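File shown: query-v3.txt (compact mmCIF, C-alpha atoms).
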# COMPACT_ATOMS: atom_id res chain seq x y z
CA MET F 1 0.00 0.00 0.00
CA ARG F 2 1.11 3.55 -0.64
CA SER F 3 1.98 5.78 2.30
CA PRO F 4 -0.99 6.75 4.50
CA LYS F 5 -0.64 10.40 3.49
CA THR F 6 -0.84 9.48 -0.18
CA VAL F 7 -3.92 7.34 0.40
CA ALA F 8 -5.51 10.21 2.35
CA ARG F 9 -4.92 12.64 -0.51
CA ILE F 10 -6.32 10.14 -3.03
CA ALA F 11 -9.39 9.82 -0.82
CA GLY F 12 -9.70 13.61 -0.80
CA LEU F 13 -9.63 13.74 -4.60
CA LEU F 14 -12.20 10.96 -4.83
CA TYR F 15 -14.40 12.85 -2.35
CA LEU F 16 -14.67 15.70 -4.87
CA LEU F 17 -16.39 13.53 -7.49
CA PRO F 18 -19.54 12.56 -5.55
CA PHE F 19 -20.42 16.25 -5.50
CA GLY F 20 -21.54 15.70 -9.11
CA ALA F 21 -24.78 14.54 -7.51
CA ALA F 22 -25.17 17.97 -5.96
CA PHE F 23 -25.06 19.47 -9.48
CA ASN F 24 -27.93 17.25 -10.60
CA GLU F 25 -30.05 17.36 -7.46
CA GLY F 26 -29.33 20.94 -6.49
CA TYR F 27 -29.23 22.67 -9.87
CA VAL F 28 -30.45 20.62 -12.84
CA LEU F 29 -33.63 19.04 -11.47
CA PRO F 30 -34.97 22.15 -9.66
CA ARG F 31 -34.33 24.17 -12.81
CA VAL F 32 -35.91 21.72 -15.28
CA VAL F 33 -38.65 19.82 -13.43
CA LYS F 34 -42.00 21.54 -12.87
CA PRO F 35 -43.59 19.60 -9.99
CA GLY F 36 -47.13 18.39 -10.67
CA ASP F 37 -47.20 19.72 -14.25
CA GLU F 38 -46.77 16.94 -16.80
CA ALA F 39 -46.72 19.02 -19.99
CA ALA F 40 -44.50 21.76 -18.55
CA THR F 41 -41.97 19.22 -17.24
CA ALA F 42 -41.81 17.32 -20.54
CA ASN F 43 -41.45 20.57 -22.52
CA SER F 44 -38.77 21.81 -20.12
CA ILE F 45 -36.80 18.57 -20.50
CA ARG F 46 -37.02 18.82 -24.27
CA ALA F 47 -35.87 22.44 -24.18
CA SER F 48 -33.01 21.65 -21.77
CA ALA F 49 -32.13 18.14 -22.96
CA THR F 50 -28.36 18.72 -22.83
CA LEU F 51 -28.50 20.09 -19.29
CA PHE F 52 -30.76 17.22 -18.21
CA ARG F 53 -28.34 14.72 -19.75
CA LEU F 54 -25.42 16.36 -17.91
CA GLY F 55 -27.39 15.93 -14.70
CA VAL F 56 -27.69 12.20 -15.34
CA PHE F 57 -23.95 12.05 -16.00
CA GLY F 58 -23.25 14.00 -12.81
CA ASP F 59 -25.08 11.47 -10.67
CA LEU F 60 -23.44 8.55 -12.49
CA THR F 61 -19.97 9.98 -11.91
CA ALA F 62 -20.86 10.37 -8.23
CA GLY F 63 -21.84 6.76 -7.56
CA GLY F 64 -18.67 4.93 -8.62
CA PRO F 65 -16.22 7.32 -6.93
CA TRP F 66 -18.26 7.11 -3.72
CA LEU F 67 -17.46 3.40 -3.53
CA LEU F 68 -13.81 4.00 -4.48
CA LEU F 69 -13.64 6.66 -1.76
CA ALA F 70 -14.92 4.19 0.81
CA MET F 71 -12.34 1.63 -0.34
CA ALA F 72 -9.52 4.17 -0.01
CA LEU F 73 -10.68 5.09 3.48
CA TYR F 74 -10.87 1.37 4.31
CA LEU F 75 -7.21 0.99 3.38
CA LEU F 76 -6.39 3.97 5.55
CA LEU F 77 -8.48 3.07 8.61
CA ARG F 78 -8.98 -0.70 8.61
CA ASP F 79 -6.43 -1.27 11.38
CA VAL F 80 -8.41 1.02 13.70
CA ASN F 81 -11.48 -1.23 13.69
CA ARG F 82 -12.03 -3.73 10.89
CA LEU F 83 -15.72 -4.24 11.64
CA ALA F 84 -16.46 -0.51 11.48
CA ALA F 85 -14.36 -0.17 8.32
CA ALA F 86 -16.22 -3.06 6.68
CA ALA F 87 -19.58 -1.54 7.67
CA MET F 88 -18.50 1.77 6.14
CA VAL F 89 -17.69 0.14 2.79
CA THR F 90 -20.86 -1.97 2.85
CA PHE F 91 -23.12 1.06 3.40
CA ALA F 92 -21.27 3.01 0.71
CA ALA F 93 -21.57 0.12 -1.76
CA ALA F 94 -25.32 -0.16 -1.17
CA GLY F 95 -25.78 3.61 -1.49
CA ALA F 96 -23.65 3.88 -4.63
CA GLY F 97 -25.58 1.02 -6.25
CA ILE F 98 -28.91 2.71 -5.56
CA GLN F 99 -27.58 6.04 -6.80
CA VAL F 100 -26.41 4.61 -10.12
CA GLN F 101 -29.50 2.44 -10.63
CA ASN F 102 -31.71 5.40 -9.83
CA GLN F 103 -30.43 7.22 -12.91
CA LEU F 104 -32.28 4.67 -15.02
CA ASN F 105 -35.44 6.60 -14.13
CA GLN F 106 -34.04 10.01 -15.02
CA TYR F 107 -32.44 8.80 -18.25
CA THR F 108 -35.65 7.03 -19.29
CA ALA F 109 -37.59 10.23 -18.57
CA LEU F 110 -35.22 11.99 -20.96
CA THR F 111 -35.74 9.41 -23.71
CA VAL F 112 -39.53 9.43 -23.26
CA ALA F 113 -39.67 13.22 -23.47
CA THR F 114 -37.37 13.52 -26.48
CA ASP F 115 -37.82 10.31 -28.52
CA ALA F 116 -40.37 10.68 -31.29
CA GLY F 117 -41.30 6.99 -30.99
CA TYR F 118 -43.00 7.30 -27.62
CA PRO F 119 -45.71 9.83 -28.50
CA ARG F 120 -46.90 7.58 -31.36
CA THR F 121 -47.35 4.75 -28.88
CA LEU F 122 -48.71 6.58 -25.85
CA GLY F 123 -49.98 9.85 -27.23
CA THR F 124 -48.48 13.18 -26.28
CA SER F 125 -50.35 13.44 -22.97
CA GLY F 126 -49.45 9.85 -22.11
CA SER F 127 -45.74 10.37 -22.75
CA ASP F 128 -45.80 13.58 -20.72
CA ALA F 129 -47.45 11.78 -17.82
CA LEU F 130 -44.89 8.97 -18.01
CA THR F 131 -42.07 11.52 -18.08
CA LEU F 132 -43.27 13.15 -14.87
CA LEU F 133 -43.81 9.75 -13.23
CA LEU F 134 -40.22 8.73 -14.00
CA VAL F 135 -38.87 12.03 -12.70
CA ASP F 136 -40.86 11.55 -9.49
CA MET F 137 -39.45 8.02 -9.18
CA GLN F 138 -35.93 9.41 -9.53
CA HIS F 139 -36.63 11.89 -6.75
CA ASN F 140 -38.08 9.22 -4.48
CA GLY F 141 -35.12 6.94 -5.13
CA TYR F 142 -32.78 9.74 -4.10
CA VAL F 143 -34.76 10.26 -0.89
CA ILE F 144 -34.48 6.56 -0.05
CA ASP F 145 -30.75 6.63 -0.76
CA THR F 146 -30.44 9.27 1.97
CA LEU F 147 -30.46 6.30 4.35
CA PHE F 148 -27.03 5.27 3.09
CA PHE F 149 -25.78 8.85 2.82
CA GLY F 150 -26.18 8.90 6.57
CA LEU F 151 -25.27 5.34 7.56
CA TRP F 152 -21.84 5.24 5.92
CA LEU F 153 -20.76 8.38 7.79
CA LEU F 154 -21.44 6.91 11.25
CA PRO F 155 -18.71 4.22 11.19
CA LEU F 156 -16.45 6.66 9.33
CA GLY F 157 -16.86 9.21 12.12
CA HIS F 158 -16.02 6.51 14.68
CA LEU F 159 -12.89 5.53 12.75
CA VAL F 160 -11.76 9.15 12.40
CA VAL F 161 -12.11 9.70 16.15
CA ARG F 162 -10.27 6.52 17.09
CA SER F 163 -7.52 6.62 14.47
CA GLY F 164 -5.35 9.42 15.83
CA TYR F 165 -4.81 10.51 12.22
CA PHE F 166 -7.26 13.41 12.53
CA PRO F 167 -8.56 15.76 15.22
CA LYS F 168 -11.28 13.98 17.18
CA ALA F 169 -13.63 16.90 16.60
CA LEU F 170 -13.47 16.15 12.88
CA GLY F 171 -14.78 12.64 13.45
CA VAL F 172 -17.60 14.02 15.61
CA LEU F 173 -18.59 16.41 12.82
CA VAL F 174 -18.62 13.55 10.30
CA ALA F 175 -20.89 11.49 12.56
CA VAL F 176 -23.18 14.49 13.13
CA ALA F 177 -23.43 14.88 9.34
CA GLY F 178 -24.55 11.25 9.13
CA CYS F 179 -27.19 11.88 11.79
CA GLY F 180 -28.33 14.94 9.83
CA TYR F 181 -29.02 12.84 6.72
CA LEU F 182 -30.93 10.28 8.80
CA ALA F 183 -32.97 13.06 10.42
CA ASP F 184 -33.91 14.31 6.95
CA LEU F 185 -35.02 10.83 5.88
CA ILE F 186 -37.13 10.39 9.00
CA SER F 187 -38.74 13.80 8.59
CA VAL F 188 -39.65 13.13 4.94
CA PHE F 189 -41.56 9.97 5.85
CA LEU F 190 -42.96 10.83 9.28
CA THR F 191 -43.23 14.63 9.39
CA PRO F 192 -43.34 15.76 5.74
CA ASP F 193 -44.80 19.16 6.67
CA ILE F 194 -41.53 20.21 8.29
CA SER F 195 -39.08 18.18 6.17
CA ASP F 196 -37.97 21.24 4.20
CA ARG F 197 -37.07 23.03 7.42
CA VAL F 198 -35.25 19.99 8.75
CA TRP F 199 -33.15 19.94 5.58
CA GLN F 200 -32.52 23.68 5.61
CA PHE F 201 -31.70 24.15 9.27
CA ALA F 202 -30.31 20.75 10.32
CA THR F 203 -29.24 18.43 7.50
CA ALA F 204 -27.58 20.88 5.12
CA PRO F 205 -25.54 22.71 7.83
CA ALA F 206 -24.48 19.40 9.43
CA ALA F 207 -23.45 17.94 6.07
CA ALA F 208 -21.48 21.05 5.15
CA ALA F 209 -19.71 21.19 8.51
CA GLY F 210 -18.87 17.49 8.52
CA GLU F 211 -18.27 16.37 4.96
CA LEU F 212 -16.78 19.56 3.53
CA THR F 213 -14.46 19.97 6.50
CA PHE F 214 -13.31 16.36 6.23
CA LEU F 215 -12.83 16.72 2.46
CA LEU F 216 -10.73 19.86 2.86
CA TRP F 217 -8.68 18.25 5.62
CA LEU F 218 -7.88 15.24 3.39
CA LEU F 219 -6.85 17.49 0.50
CA ILE F 220 -4.86 20.07 2.46
CA LYS F 221 -3.54 18.30 5.55
CA GLY F 222 -3.76 14.66 4.56
CA ILE F 223 -3.27 12.89 7.88
CA ARG F 224 -1.06 13.33 10.88
CA ILE F 225 1.00 10.31 11.83
CA PRO F 226 0.88 9.77 15.60
CA PRO F 227 4.38 9.84 17.11
CA THR F 228 5.70 6.46 18.16
CA THR F 229 7.14 6.00 21.61
CA PRO F 230 10.76 4.85 21.31
CA SER F 231 11.45 1.56 23.00
CA LEU F 232 13.74 1.77 26.04
CA PRO F 233 16.85 -0.40 26.17
CA ALA F 234 16.52 -3.46 28.39

Translate the structure described by the file into structure tokens.
Amino acid sequence: MRSPKTVARIAGLLYLLPFGAAFNEGYVLPRVVKPGDEAATANSIRASATLFRLGVFGDLTAGGPWLLLAMALYLLLRDVNRLAAAAMVTFAAAGAGIQVQNQLNQYTALTVATDAGYPRTLGTSGSDALTLLLVDMQHNGYVIDTLFFGLWLLPLGHLVVRSGYFPKALGVLVAVAGCGYLADLISVFLTPDISDRVWQFATAPAAAAGELTFLLWLLIKGIRIPPTTPSLPA
């Protein structure tokens, strides 16, 4: 294995790529999708087909690197606690798989809205309705994947705290970010009326404080190697 500092910097670079999902979920979909309006959504996708396609690509390029990031962190932290490190990779693998598979819905929505073959089969109103249904399915799949956005950060936060490679406060922030994602998921299903406020005032700040800080630390500082105590002569 390469030196721990090199692995840490590789992990930091890999951590940049999953933010492609933020481009799709935070910019493309809110700009293109018109909630509850079938015709307007289909027309918007047709008018912004290139942007919508880039959004699909952004989420696809986020899923694979997420798993590679978890594997790099496993190499770095497995000696701290192998069970926690394995749980981290398992949660990331499940989340990355859902994230990539979920783009089937968004890409199919694009093909339904733009392919001339569909309207002949379904009618224009039918293809528009199917387009909106697929976009809604993509959104719901992303909400469900929030479970793994949160779960993989909990063992990672534990490993960061216990490793001695990072400040303990950094591991606490990572774990709090994981709890923030889980709080958002719970609010969406159990208290949907306040879910937007939970995201705005709890999940988003916790994720920014935890994940962005950890990302910047990996890129700028790498890790700190704990000093070894020299052995005394017999």

Expressed in Å to a single decimal, how great is the separation between atom CA of Leu159 of chain F and atom CA of Ala85 of chain F?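 It comes out at 7.4 Å.
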
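Remark: for Gly178 of chain F, the closest of the candidate residues F:Pro205, F:Lys221, F:Phe149, F:Asp196 is F:Phe149 (distances computed over only C-alpha atoms).
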
Could you check the closest approach to Leu29 of chain F for each of F:Ala94, F:Gln138, F:Ser125, F:Thr114 and tell me which residue wins, using all atoms listed in the file? F:Gln138

Could you state the separation of atom CA of Asn105 of chain F and atom CA of Phe23 of chain F in Å, given to one decimal place? 17.2 Å

To one decimal place, how far is atom CA of Lys168 of chain F from atom CA of Leu215 of chain F in Å? 15.1 Å

I want to know what sits within 12 Å of Asp59 of chain F, based on all atoms listed in the file, with residues of the same chain fewer than 6 positions away left out; could you give that as a PyMOL selection string? chain F and resi 17-29+52-53+65-66+96-107+138+142

Excluding Leu75 of chain F and residues on its chain fewer than 4 positions from it, collect all residues at most 12 Å away from it, counting all atoms listed in the file, and give them as a list in words.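 Result of the neighbour search: Met1, Arg2, Ser3, Pro4, Lys5, Thr6, Val7, Ala8, Ile10, Ala11, Leu68, Leu69, Ala70, Met71, Asp79, Val80, Asn81, Arg82, Ala85, Ala86, Met88, Val89 and Leu159 of chain F.
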
Please define a box with edges along x, y and z of the file around all atoms of segment 22-33 of chain F given in the file, extend it by 6 Å on each side, and return its centre and edge lengths in Å to one decimal, as JSON.
{"center_x": -31.9, "center_y": 20.7, "center_z": -10.6, "size_x": 25.6, "size_y": 18.9, "size_z": 21.3}

Could you check which of F:Gly150, F:Gly164, F:Gly157, F:Gly210 is closest to Leu185 of chain F, using all atoms listed in the file? F:Gly150

Which polymer residues have any atom within 12 Å of an atom of Ala202 of chain F, counting only C-alpha atoms, with same-chain residues fewer than 3 positions away left out, as a ChimeraX atom specification? /F:176-185,187,194-199,205-209

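For the set F:Gln200, F:Thr90, F:Thr131, F:Thr61, the residue with the smallest atom-to-atom gap to Ile45 of chain F is F:Thr131, counting all atoms listed in the file.
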
Which polymer residues, protein or nucleic acid, are no farther than 12 Å from (-3.6, 19.9, 5.0), counting all atoms listed in the file, as an MDAnalysis selection string? chainID F and resid 5:6 8:9 12 165:166 213:224

Which one is closest to Tyr15 of chain F: F:Ala169, F:Leu73, F:Asp193, F:Pro35? Count all atoms listed in the file. F:Leu73

Which polymer residues, whether protein, DNA or RNA, lie within 9 Å of the coordinate (-42.2, 15.0, -22.5) when you count only C-alpha atoms? List them as a ChimeraX atom specification, using the chain letters and numbers from the file. /F:38-46,109-115,119,124-132

Tell me which of F:Val32, F:Leu173, F:Leu154, F:Ala84 sits closest to Ser48 of chain F, counting all atoms listed in the file.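 Closest to Ser48 of chain F of all the choices is F:Val32.
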